[in-house]
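Worksheet: one structure, shown below.
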Amino acid sequence: MSENLSACMMRMVETDYALSDYQSDIAPRWCVGCGDTAILTAMQKLCRDEQLAPEKTVCVSGIGCSSRLPHYMNAYGFHGIHGRALPVAEGVKIRRPDLDVFVTTGDGDCTSIGAAHWIHAIRYNMNMTVLLHDNQIYGLTKKQASPTSPIGQKSNTTPFGSVLLPLNPLTVTLGVANVSFVAQAVDWIPDLLYDILKKAFHHRGLSFVRILQRCPEFMQHRFDDYVRDPSKMRILTHGNGLRLSPEVSRVYKNQETHDPLDMGRALAIAAIADEIPVGILYNDPSVPCYDDLRAGERPSTPALVETVLREEFDKVTIWPDDAEPVAAE
Amino acid sequence: MDNKAEQAVIERQPSKPRPKPAVVLSEHIVEIVSDSGEGAQRCGQSFGAIAARSGNGIWTVEIIPAEIQPPHRSVAGASGNRVRFASGPVTNGGNEADLVVAFNEQVLLSRLHADEIKPGGIILMESKWRNDRNAGIAASYAQVVEEIRTRGFRVYEVPMEVECLKLVPDPRKGKNMFVLGMLCGIYSLDEGLARAQVARIFGKKDQKIIDANIELLDAGRSWAETNLDLRFTVPAKRATEAQVVMNGNTALALGVVASGMEVCAMYPITPATSTSHYLSNIFEKVGCVVHQAEDEIAACAFAIGASYAGKCAVTITSGPGLSLKQEALGLAVMAEIPLVVIDVQRGGPSTGLPTKVEQGDLMAAIFGGHGDAPKVVMAPSTIEDCFYSVITARKIAETFNMVVMLLSDASLATAQQPFPRPSFREDWLAPPVNQSPVPEDAKPYDWDPRTGIATRFIPGQPNGMHCLTGLAHDRDSHVAYDPEINEEGLLNRSRKLAALQTTLRLPPLCGGDSGEMLLIGWGSTLGAIEEAVGILRAQGIAASSLHLKFLQPMASGIGEVMKRFTHVMSIENNWNDPLSDPLITPENRRYSSLALLLRSRYLVDIDCWGNARGQPLKPTAIVAAVRSKLGKE
């Protein structure tokens, strides 16, 4: 114990990153009351508590309100193009195991234009933390229905109400081969959001966290019932999942002990319609990671390149005066 | 086969007549065509390899159907190889074939319909179809043979399967080695070299298999020497330096290794994919990764991510894939992330001609994205050039933080040509990834006003934290929509092209420095154009050619060169509107890509000639086009 404490103290002295070390010099430009703010705060707290070196932290995003997040983090940010955050992040990670990679993406970015990448990213199971900011609407382009919008949602492209059932990001993710970590959080319970992000960060593999997030501009009352009535929230707890503080436990009494290795129950929980489950639905640390599988056995060196080129050229060389090495035959 | 039976076979063989002296040729073009899966491609490649090892110059062209298993005996299913071999170096596939081996009459028809066989040329036909149990097939065969004889071709009917059956139970499998032996006999190629080639092909297999195939090879040679009055020799001279023989896609893959790039992200697409196949076999050995992404867009985004966090990466594709990557390429341009894009062009638009050649992507490469997105575009023109161009492309990409597009095509992809064996140089490789601290006051886009270049900050570098963005941004990489800041970014990204341009030198002209006709080309057409220039000059026409490696930016001095010639014409393997069409006028005519670029840049009324028939351009066709333009038909 004392040893741990002193190690901890040493670390504080050596690096000592404060919350402000993860805040960029740009003030967030999200609307007042936007759930993205809570997610940004939770991420910065996580970085501080984990003492992540800002230069070794990379936040990759696509396009949308949520994808502005990397601008507000003091880290390496990559604010790319719509739907492609995941393949960019995979490229970042493939040769850089030393970097901590976070992906922030929205419901349009991930489950619509980037849906192919989402499914394959789950299957690759690379070491990164993916935050799906799901406000169930397109915000930056000004109120169009998204794949996760509830049926009947009125928007600028569905003025008479959307006609399709929404896509459920949890069941979809749980259905993909090699899925290793799926959780759900909500922006209005910051303590649990933080605890879930922390679990996600420590998971080896791709951790997928869907965060239900309020959009005060276009979905004003979408989650009011849930915010007002804690019994509509189902909190998942487990020795290998979330452990609730007494404060949280007192407010959120609707709890279920759920083993994150129980895929059958995870799927059932993911499909619950009248309550919002919060916690770790699935966590299997044994799933192999693509970046580990594809990590070279040896680093690339000039000598190695020269050797392999020589071997390859030997196979197709015509030597003058028949000085052909016999081995090539 | 026991000893007695062997003895009986030998006794039944007629005694060998003394071979008549071989006719000496300076070059010949041989084609072997079969149904897909009958081994004509392997036969052709092996024949080319034996000729190359003998010291002949060679150029081989694959004849590829679009389907893996097209219907048997169909015109569309013709599969095989063309081998042009000569006493001196060969730079292109040449004109019509002198000698064709056809495994059935339908695949022969495909070559006849494409006008790929020389009038009066030699045709060796598998004769088994004459007695086919299916009367329709037998009649079709007889009719085609009759017709081609009438048209003046020299037809030899060869009982290939009948002869092979004497040695192997399934003659369909061994026929190609019999034909290889037959060709080696016809062209007096060395027996030892031929046997060594067969051993090389089946090297990983059982010795029994090698022996059986060598028997087939010898049987083919012996049958040809006994039964055919065809005996040629194309004198060869072995090079004094070591030569390597490979196709363009292999050269590109080896170029990727030699360039020091460490990540290749791709998605399968013809005719580019064999580059990635080759790379997949060797890249892990040098500690690097080929990632097959879920789609073309992901492949490009993955490569961009890898480049951003490390050494420059590469993505390899063909036309449809290039179209899909365009938005991501715009991001790499905007954020100034180095990237090499290899585009092995095929016929377009849409799915087009997947296995056939076209220089159709020049405009897409230069102007394909939205907005002003300056990229470097270069085109290799030989197999050797495919190898070295990747190294150059990587260096430019990393020096200028730019996207460099490399336009190869289906012709270079599968063509084989010997070139001097490269000697490894450490300066080909990318330097280690910079992880040193960024100076306190440095900004991620500190554009140098002279070159437009800014030193990029790579994740892991202390003090370099910033948020890269595809939005308009200032020197701090902060999103900025101000008019001045937007134009500052545009100017500096454009400046980099101009800075690169000042370092480029115009390639030397082929032919003379001035004259009647200047031909300008790019990419895989180099050999055919220069051969045409040689023919034209021999005919007394003062023609020259200029072949561009850099299409964007272009080297200085092209305008001056053009002024020294009465006529200028681009020669391109892509579409242009024919003026003979009643609707086409000089005003509405759509020009070939390079011609259009040169016309707009130099305000010179140059013409263009070429076609988009899916075949490499032929030297004689270029000669005819030039003579027609000069009114000297």
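Labels for the structure tokens follow display order: chains A, B, ..., residues from 1 in each chain, ligands from 1.
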For chain A against chain B, which residues fall within 6 Å using only C-alpha atoms, given as number ranges by chain? A: 55-56, 71, 75-80, 87-88, 91-92, 296, 298-300, 304-305, 316-320, 329
Selection to disk with N, CA and C atoms, as a PDB file, in the first residue's frame:
```
ATOM      1  N   GLU A  55       1.154  14.494 -25.843  1.00  0.00           N
ATOM      2  CA  GLU A  55       1.750  14.254 -27.157  1.00  0.00           C
ATOM      3  C   GLU A  55       1.600  12.801 -27.602  1.00  0.00           C
ATOM      4  N   LYS A  56       1.222  11.934 -26.653  1.00  0.00           N
ATOM      5  CA  LYS A  56       1.031  10.523 -27.001  1.00  0.00           C
ATOM      6  C   LYS A  56      -0.454  10.163 -27.106  1.00  0.00           C
ATOM      7  N   HIS A  71     -10.765  19.408 -31.344  1.00  0.00           N
ATOM      8  CA  HIS A  71     -10.280  20.800 -31.321  1.00  0.00           C
ATOM      9  C   HIS A  71     -10.174  21.330 -29.897  1.00  0.00           C
ATOM     10  N   ALA A  75      -4.199  17.738 -27.281  1.00  0.00           N
ATOM     11  CA  ALA A  75      -3.610  16.443 -27.630  1.00  0.00           C
ATOM     12  C   ALA A  75      -3.394  16.534 -29.140  1.00  0.00           C
ATOM     13  N   TYR A  76      -2.936  15.445 -29.753  1.00  0.00           N
ATOM     14  CA  TYR A  76      -2.934  15.438 -31.214  1.00  0.00           C
ATOM     15  C   TYR A  76      -4.349  15.111 -31.671  1.00  0.00           C
ATOM     16  N   GLY A  77      -4.906  15.973 -32.489  1.00  0.00           N
ATOM     17  CA  GLY A  77      -6.278  15.779 -32.960  1.00  0.00           C
ATOM     18  C   GLY A  77      -6.299  15.568 -34.449  1.00  0.00           C
ATOM     19  N   PHE A  78      -7.277  14.809 -34.897  1.00  0.00           N
ATOM     20  CA  PHE A  78      -7.424  14.574 -36.334  1.00  0.00           C
ATOM     21  C   PHE A  78      -8.902  14.676 -36.664  1.00  0.00           C
ATOM     22  N   HIS A  79      -9.288  15.854 -37.141  1.00  0.00           N
ATOM     23  CA  HIS A  79     -10.679  16.137 -37.476  1.00  0.00           C
ATOM     24  C   HIS A  79     -10.813  15.951 -38.989  1.00  0.00           C
ATOM     25  N   GLY A  80     -11.183  14.747 -39.385  1.00  0.00           N
ATOM     26  CA  GLY A  80     -11.064  14.370 -40.799  1.00  0.00           C
ATOM     27  C   GLY A  80     -12.298  14.599 -41.622  1.00  0.00           C
ATOM     28  N   PRO A  87     -11.369   4.262 -39.915  1.00  0.00           N
ATOM     29  CA  PRO A  87     -10.187   3.827 -40.673  1.00  0.00           C
ATOM     30  C   PRO A  87      -8.968   4.728 -40.475  1.00  0.00           C
ATOM     31  N   VAL A  88      -9.175   6.022 -40.277  1.00  0.00           N
ATOM     32  CA  VAL A  88      -8.027   6.889 -39.997  1.00  0.00           C
ATOM     33  C   VAL A  88      -7.372   6.457 -38.683  1.00  0.00           C
ATOM     34  N   GLY A  91      -5.342   3.393 -39.037  1.00  0.00           N
ATOM     35  CA  GLY A  91      -4.055   3.680 -39.663  1.00  0.00           C
ATOM     36  C   GLY A  91      -3.079   4.288 -38.674  1.00  0.00           C
ATOM     37  N   VAL A  92      -3.588   5.167 -37.806  1.00  0.00           N
ATOM     38  CA  VAL A  92      -2.735   5.783 -36.785  1.00  0.00           C
ATOM     39  C   VAL A  92      -2.157   4.704 -35.873  1.00  0.00           C
ATOM     40  N   GLY A 296       4.727  -6.520 -36.578  1.00  0.00           N
ATOM     41  CA  GLY A 296       5.837  -7.275 -37.132  1.00  0.00           C
ATOM     42  C   GLY A 296       6.669  -7.902 -36.027  1.00  0.00           C
ATOM     43  N   ARG A 298       9.776  -8.084 -36.155  1.00  0.00           N
ATOM     44  CA  ARG A 298      11.006  -7.298 -36.049  1.00  0.00           C
ATOM     45  C   ARG A 298      10.754  -5.937 -36.698  1.00  0.00           C
ATOM     46  N   PRO A 299      11.475  -4.922 -36.225  1.00  0.00           N
ATOM     47  CA  PRO A 299      11.295  -3.608 -36.843  1.00  0.00           C
ATOM     48  C   PRO A 299      11.954  -3.565 -38.223  1.00  0.00           C
ATOM     49  N   SER A 300      11.448  -2.688 -39.049  1.00  0.00           N
ATOM     50  CA  SER A 300      12.019  -2.535 -40.377  1.00  0.00           C
ATOM     51  C   SER A 300      13.356  -1.813 -40.282  1.00  0.00           C
ATOM     52  N   LEU A 304      17.437  -5.178 -43.331  1.00  0.00           N
ATOM     53  CA  LEU A 304      16.355  -6.114 -43.630  1.00  0.00           C
ATOM     54  C   LEU A 304      15.807  -5.858 -45.040  1.00  0.00           C
ATOM     55  N   VAL A 305      15.606  -4.590 -45.353  1.00  0.00           N
ATOM     56  CA  VAL A 305      15.094  -4.230 -46.677  1.00  0.00           C
ATOM     57  C   VAL A 305      16.075  -4.708 -47.743  1.00  0.00           C
ATOM     58  N   VAL A 316      14.671 -13.602 -59.983  1.00  0.00           N
ATOM     59  CA  VAL A 316      14.360 -13.207 -61.362  1.00  0.00           C
ATOM     60  C   VAL A 316      15.577 -12.658 -62.095  1.00  0.00           C
ATOM     61  N   THR A 317      16.754 -12.957 -61.586  1.00  0.00           N
ATOM     62  CA  THR A 317      17.957 -12.398 -62.204  1.00  0.00           C
ATOM     63  C   THR A 317      18.518 -13.317 -63.286  1.00  0.00           C
ATOM     64  N   ILE A 318      18.879 -12.708 -64.389  1.00  0.00           N
ATOM     65  CA  ILE A 318      19.659 -13.409 -65.403  1.00  0.00           C
ATOM     66  C   ILE A 318      21.085 -12.898 -65.245  1.00  0.00           C
ATOM     67  N   TRP A 319      21.972 -13.787 -64.807  1.00  0.00           N
ATOM     68  CA  TRP A 319      23.355 -13.369 -64.562  1.00  0.00           C
ATOM     69  C   TRP A 319      24.145 -13.445 -65.854  1.00  0.00           C
ATOM     70  N   PRO A 320      25.085 -12.538 -66.040  1.00  0.00           N
ATOM     71  CA  PRO A 320      25.935 -12.674 -67.212  1.00  0.00           C
ATOM     72  C   PRO A 320      26.816 -13.920 -67.032  1.00  0.00           C
ATOM     73  N   GLU A 329      17.636 -22.050 -58.533  1.00  0.00           N
ATOM     74  CA  GLU A 329      16.944 -23.075 -59.316  1.00  0.00           C
ATOM     75  C   GLU A 329      15.954 -23.819 -58.443  1.00  0.00           C
TER      76      GLU A 329
END
```
If you count only C-alpha atoms, which residues fall within 7 Å of Ala194 in chain B, apart from same-chain ones fewer than 4 positions away, as a ChimeraX atom specification? /B:50,190,198
N, CA, C and O atoms of the current selection, written as a CSV table (one decimal), in the first residue's frame:
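Written out: result.csv:
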```
chain,number,residue,atom,x,y,z
B,50,ILE,N,12.6,-18.0,-71.1
B,50,ILE,CA,13.7,-18.8,-71.8
B,50,ILE,C,14.4,-17.9,-72.8
B,50,ILE,O,15.7,-17.8,-72.8
B,190,ASP,N,17.8,-23.0,-76.5
B,190,ASP,CA,18.6,-24.0,-75.9
B,190,ASP,C,17.8,-25.0,-75.0
B,190,ASP,O,17.0,-24.6,-74.2
B,198,VAL,N,11.5,-25.2,-66.8
B,198,VAL,CA,10.4,-26.1,-66.4
B,198,VAL,C,10.7,-26.5,-64.9
B,198,VAL,O,9.8,-26.5,-64.1
```
Within 6 Å of range 95-101 of chain B, counting only C-alpha atoms, which residues qualify if same-chain residues fewer than 6 places away don't, as a PyMOL selection string? chain B and resi 29-32+116-118+121-124+618
Using backbone DSSP assignments, extract all strand (DSSP E) residues from range 80-165 of chain A; output them as a compact mmCIF listing (two decimals) with C-alpha atoms, in the first residue's frame.
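And here's states-v3.txt as it stands now:
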```txt
# COMPACT_ATOMS: atom_id res chain seq x y z
CA ASP A 100 -3.48 6.15 -26.99
CA VAL A 101 -6.16 6.54 -29.62
CA PHE A 102 -9.67 7.88 -28.97
CA VAL A 103 -12.37 8.16 -31.63
CA THR A 104 -15.29 10.54 -31.23
CA THR A 105 -18.07 10.06 -33.71
CA GLY A 106 -21.77 10.86 -33.98
CA MET A 128 -8.75 2.17 -29.16
CA THR A 129 -11.66 3.76 -27.35
CA VAL A 130 -14.63 4.70 -29.51
CA LEU A 131 -17.19 7.19 -28.20
CA LEU A 132 -20.44 7.25 -30.14
CA HIS A 133 -22.15 10.53 -29.29
CA ASP A 134 -25.73 9.53 -30.07
CA ILE A 137 -30.46 13.65 -34.92
CA TYR A 138 -28.19 15.47 -37.39
CA GLN A 144 -32.42 15.82 -40.28
CA ALA A 145 -33.48 12.37 -39.06
```
Give the helix (DSSP H, G or I) residues of range 42-204 of chain B, as assigned by DSSP on the backbone, as an NGL selection string. :B and (42-54 or 105-113 or 128-131 or 135-150 or 160-165 or 171-186 or 191-201)
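Pairwise distance (CA of Gly515 in chain B, CA of Gln552 in chain B) equals 26.8 Å.
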